[in-house]
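Enquirer: Take this structure, written in structure tokens, and hold onto it; I'll ask about it next.
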Amino acid sequence: MRPLAILPSVLAADWAHIGDSVQKVIAAGADIVHLDVMDGHFVPNISFGPDMVKAIRGVTDARLDVHLMIAPVDPYIEAFAKAGADVITIHPEAGPHLHRSLGAIRQLGKKAGVALNPATPVSAIEHVLGEIDLVLVMSVNPGFGGQAFIRSSLEKLDRVRAMTAGRDIDIEVDGGITAETAGLVAGAGANWLVAGSAVFKGGPTAYAGNIAAIRKAAQLARGELA
Ligand SMILES: O=C(CO)[C@H](O)[C@H](O)COP(=O)(O)O
Ligand SMILES: [Co+2]
């Protein structure tokens, strides 16, 4: 089994104290930081750009997982790589040549991911399996935190697991992940669990308990706990 990771999405962090929030959530047990970049065009919301990634890079050595919900994506890949991303994930709909964009990410020395929207078929990754390090299964429609988990993503995770079996590819799930849904997605094959609202709810004193509850549910589903 591939290592389990819990990734807080800073979309739900305290943006007035972003550096502090990120450092506290890492100290509370988070494994990797998930950064949602939205352009108001590919998705109906605007978040932040490479300068925010650079600022967060400046306050932590933790891995940064940058989820690009922007189109066109190609002109911005290098800026996010230079800003300090470790993983860059793109949507197949965001550029004309997915294979080329993935190659560009790896050329910059970064891990490359493909994100599948709820309506995007798993076949979108079939011919780029050799070019990716990660598949991100969206379990909400992209654009906002705090949405309800879409259950059909469980079947999609199953299919992604079958398609990527035997390859060095992590399976990430993003949207509506809580202590309740974490076990379901981990049981269906996800090993990177993104959670925004469910990690940051209750403020800094609650981060450790929130992360532990998500991790425990996932570990139970993976058969790692009695
Ligand atoms: O990519 C995203 C939205 O497009 C976010 O990563 C995701 O929604 C996380 O937020 P929450 O855990 O609150 O659902
Ligand atoms: Co995301």
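Chain labels A, B, ... are given in the sequence in which chains occur in the structure tokens; within each chain residues are numbered consecutively from 1, and ligands are likewise numbered from 1 in the order shown.
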Dump the neighbourhood of ligand 1 as a list in words: all residues within 7 Å, distances computed on only C-alpha atoms and all ligand atoms.
Expert: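 My answer, listing the contacting residues, is Ser9, Leu11, Ala12, His34, Asp36, His67, Val140, Asn141, Pro142, Gly143, Phe144, Gly145, Gly146, Gln147, Asp174, Gly175, Gly176, Ile177, Val194, Ala195, Gly196, Ser197 and Ala198 of chain A.
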Enquirer: When DSSP works through the backbone of this structure, what residues of region 50-197 of chain A end up as alpha helix (DSSP H), shown as JSON, numbers by chain?
Expert: {"A": [50, 51, 52, 53, 54, 55, 56, 57, 77, 78, 79, 80, 81, 82, 83, 98, 99, 100, 101, 102, 103, 104, 105, 106, 107, 153, 154, 155, 156, 157, 158, 159, 160, 161, 162, 163, 164, 182, 183, 184, 185, 186, 187, 197]}
Enquirer: Measure the distance from CA of Gly49 (chain A) to CA of Ala85 (chain A) in Å and round it to one decimal.
Expert: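 About the pair CA of Gly49 (chain A) and CA of Ala85 (chain A): they are 11.7 Å apart.
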Enquirer: Just checking: using only C-alpha atoms and all ligand atoms, which residue out of A:Ile150, A:Val173, A:Ile132, A:Ala83 ends up closest to ligand 2?
Expert: A:Val173
Enquirer: Name the residues in contact with Ala188 (chain A) at a cut-off of 12 Å, using only C-alpha atoms, excluding same-chain residues fewer than 3 positions from it; report them as a list in words.
Expert: Val137, Arg151, Ser152, Ser153, Leu154, Glu155, Lys156, Leu157, Asp158, Arg159, Val160, Arg161, Ala162, Ile171, Glu172, Val173, Thr181, Ala182, Gly183, Leu184, Val185, Asn191, Trp192, Leu193, Ala218, Ala221 and Arg222 of chain A
Enquirer: Please list as a list in words every residue within 7 Å of Phe42 (chain A), counting only C-alpha atoms and excluding residues in the same chain fewer than 6 positions away.
Expert: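 These residues fall inside the cut-off: Met69, Ile70 and Ala71 of chain A.
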Enquirer: At a cut-off of 9 Å, using only C-alpha atoms, what residues contact region 94-109 of chain A? Leave out same-chain residues fewer than 6 positions from it and give the result as a list of chain:residue names.
Expert: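 Listed by chain and then number, they are A:Phe42, A:Met69, A:Ile70, A:Ala71, A:Pro72, A:Val73, A:Asp74, A:Ile77, A:Glu78, A:Ala81, A:Lys82, A:Asp86, A:Val87, A:Ile88, A:His127, A:Val128, A:Glu131, A:Ile132.
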Enquirer: Write a file of the selected residues as a compact mmCIF listing (two decimals), in the first residue's frame, keeping N, CA and C atoms.
Expert:
```txt
# COMPACT_ATOMS: atom_id res chain seq x y z
N PHE A 42 -11.70 29.20 -15.24
CA PHE A 42 -11.85 27.74 -15.29
C PHE A 42 -12.81 27.28 -14.20
N MET A 69 -6.39 25.24 -10.84
CA MET A 69 -7.70 25.28 -11.48
C MET A 69 -7.73 26.55 -12.33
N ILE A 70 -6.86 26.56 -13.35
CA ILE A 70 -6.72 27.74 -14.20
C ILE A 70 -6.59 27.29 -15.65
N ALA A 71 -7.10 28.12 -16.55
CA ALA A 71 -7.00 27.83 -17.98
C ALA A 71 -6.84 29.14 -18.75
N PRO A 72 -5.89 29.23 -19.69
CA PRO A 72 -4.94 28.17 -20.01
C PRO A 72 -3.91 28.01 -18.89
N VAL A 73 -3.41 26.79 -18.72
CA VAL A 73 -2.50 26.51 -17.61
C VAL A 73 -1.03 26.65 -18.02
N ASP A 74 -0.74 26.34 -19.28
CA ASP A 74 0.68 26.28 -19.70
C ASP A 74 1.50 27.54 -19.38
N ILE A 77 2.80 27.41 -15.53
CA ILE A 77 3.43 26.25 -14.87
C ILE A 77 4.80 26.64 -14.30
N GLU A 78 5.61 27.31 -15.09
CA GLU A 78 6.96 27.65 -14.64
C GLU A 78 6.94 28.57 -13.41
N ALA A 81 6.28 26.50 -10.41
CA ALA A 81 7.46 25.67 -10.10
C ALA A 81 8.50 26.53 -9.40
N LYS A 82 8.76 27.70 -9.94
CA LYS A 82 9.77 28.60 -9.34
C LYS A 82 9.34 29.11 -7.97
N ASP A 86 6.07 21.53 -5.05
CA ASP A 86 6.72 20.22 -5.19
C ASP A 86 5.93 19.34 -6.15
N VAL A 87 4.62 19.47 -6.08
CA VAL A 87 3.71 18.73 -6.97
C VAL A 87 2.84 19.76 -7.66
N ILE A 88 2.66 19.62 -8.98
CA ILE A 88 1.77 20.52 -9.72
C ILE A 88 0.73 19.65 -10.42
N HIS A 127 -3.84 7.47 -21.52
CA HIS A 127 -2.66 7.56 -22.38
C HIS A 127 -1.55 8.46 -21.83
N VAL A 128 -1.69 8.86 -20.57
CA VAL A 128 -0.61 9.65 -19.95
C VAL A 128 -0.11 8.99 -18.66
N GLU A 131 3.37 9.51 -17.69
CA GLU A 131 3.81 10.91 -17.52
C GLU A 131 3.39 11.49 -16.18
N ILE A 132 2.72 10.68 -15.34
CA ILE A 132 2.16 11.26 -14.10
C ILE A 132 2.67 10.56 -12.83
```
Enquirer: Could you give me, as an mmCIF file with C-alpha atoms, in the first residue's frame, the residues within 12 Å of Lys24 (chain A), counting only C-alpha atoms and dropping anything in the same chain fewer than 6 positions from it?
Expert:
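Result file is result.cif:
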```cif
data_model
loop_
_atom_site.group_PDB
_atom_site.id
_atom_site.type_symbol
_atom_site.label_atom_id
_atom_site.label_comp_id
_atom_site.auth_asym_id
_atom_site.auth_seq_id
_atom_site.Cartn_x
_atom_site.Cartn_y
_atom_site.Cartn_z
ATOM 1 C CA PRO A 8 -4.946 20.441 4.592
ATOM 2 C CA VAL A 10 -5.320 26.358 2.895
ATOM 3 C CA ALA A 13 -7.147 28.519 6.676
ATOM 4 C CA ASP A 14 -7.070 31.880 8.443
ATOM 5 C CA HIS A 17 -2.473 34.886 9.474
ATOM 6 C CA ILE A 18 -1.644 32.479 6.681
ATOM 7 C CA ALA A 30 -0.405 17.421 8.507
ATOM 8 C CA VAL A 33 0.084 21.385 2.251
ATOM 9 C CA VAL A 59 7.526 29.588 6.147
ATOM 10 C CA THR A 60 7.694 25.779 5.852
ATOM 11 C CA ALA A 62 6.730 20.764 4.118
ATOM 12 C CA VAL A 199 -9.052 20.314 9.269
ATOM 13 C CA PHE A 200 -9.321 24.062 9.945
ATOM 14 C CA GLY A 203 -9.214 27.032 14.939
ATOM 15 C CA PRO A 204 -5.607 26.118 15.798
ATOM 16 C CA THR A 205 -6.391 24.267 19.020
ATOM 17 C CA ALA A 206 -8.604 21.857 17.045
ATOM 18 C CA TYR A 207 -6.180 21.124 14.155
ATOM 19 C CA ALA A 208 -4.442 18.135 15.761
ATOM 20 C CA ILE A 211 -6.267 15.611 11.522
#
```
Enquirer: When distances are computed from only C-alpha atoms, which of A:Ala55, A:Ile169, A:Val66, A:Met38 shows the smallest separation from Leu7 (chain A)?
Expert: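 For Leu7 (chain A), the nearest of the candidates is A:Val66.
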Enquirer: When you count only C-alpha atoms and all ligand atoms, which of these residues is closest to ligand 2: A:Gln23, A:Gln219, A:Ser139, A:Thr178?
Expert: A:Ser139
Enquirer: Which one of A:Leu35, A:Leu134, A:Ala190, A:Leu129 sits closest to ligand 2 if you count only C-alpha atoms and all ligand atoms?
Expert: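 Using only C-alpha atoms and all ligand atoms, the shortest distance to ligand 2 belongs to A:Leu35.
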Enquirer: Report the distance between CA of Ile32 (chain A) and CA of Asp65 (chain A) in Å, rounded to one decimal place.
Expert: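 Value for the CA of Ile32 (chain A)-CA of Asp65 (chain A) distance: 6.8 Å.
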Enquirer: Just give me the gap between CA of Trp15 (chain A) and CA of Ala115 (chain A) in Å, one decimal is fine.
Expert: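 Distance reported for this atom pair: 24.9 Å.
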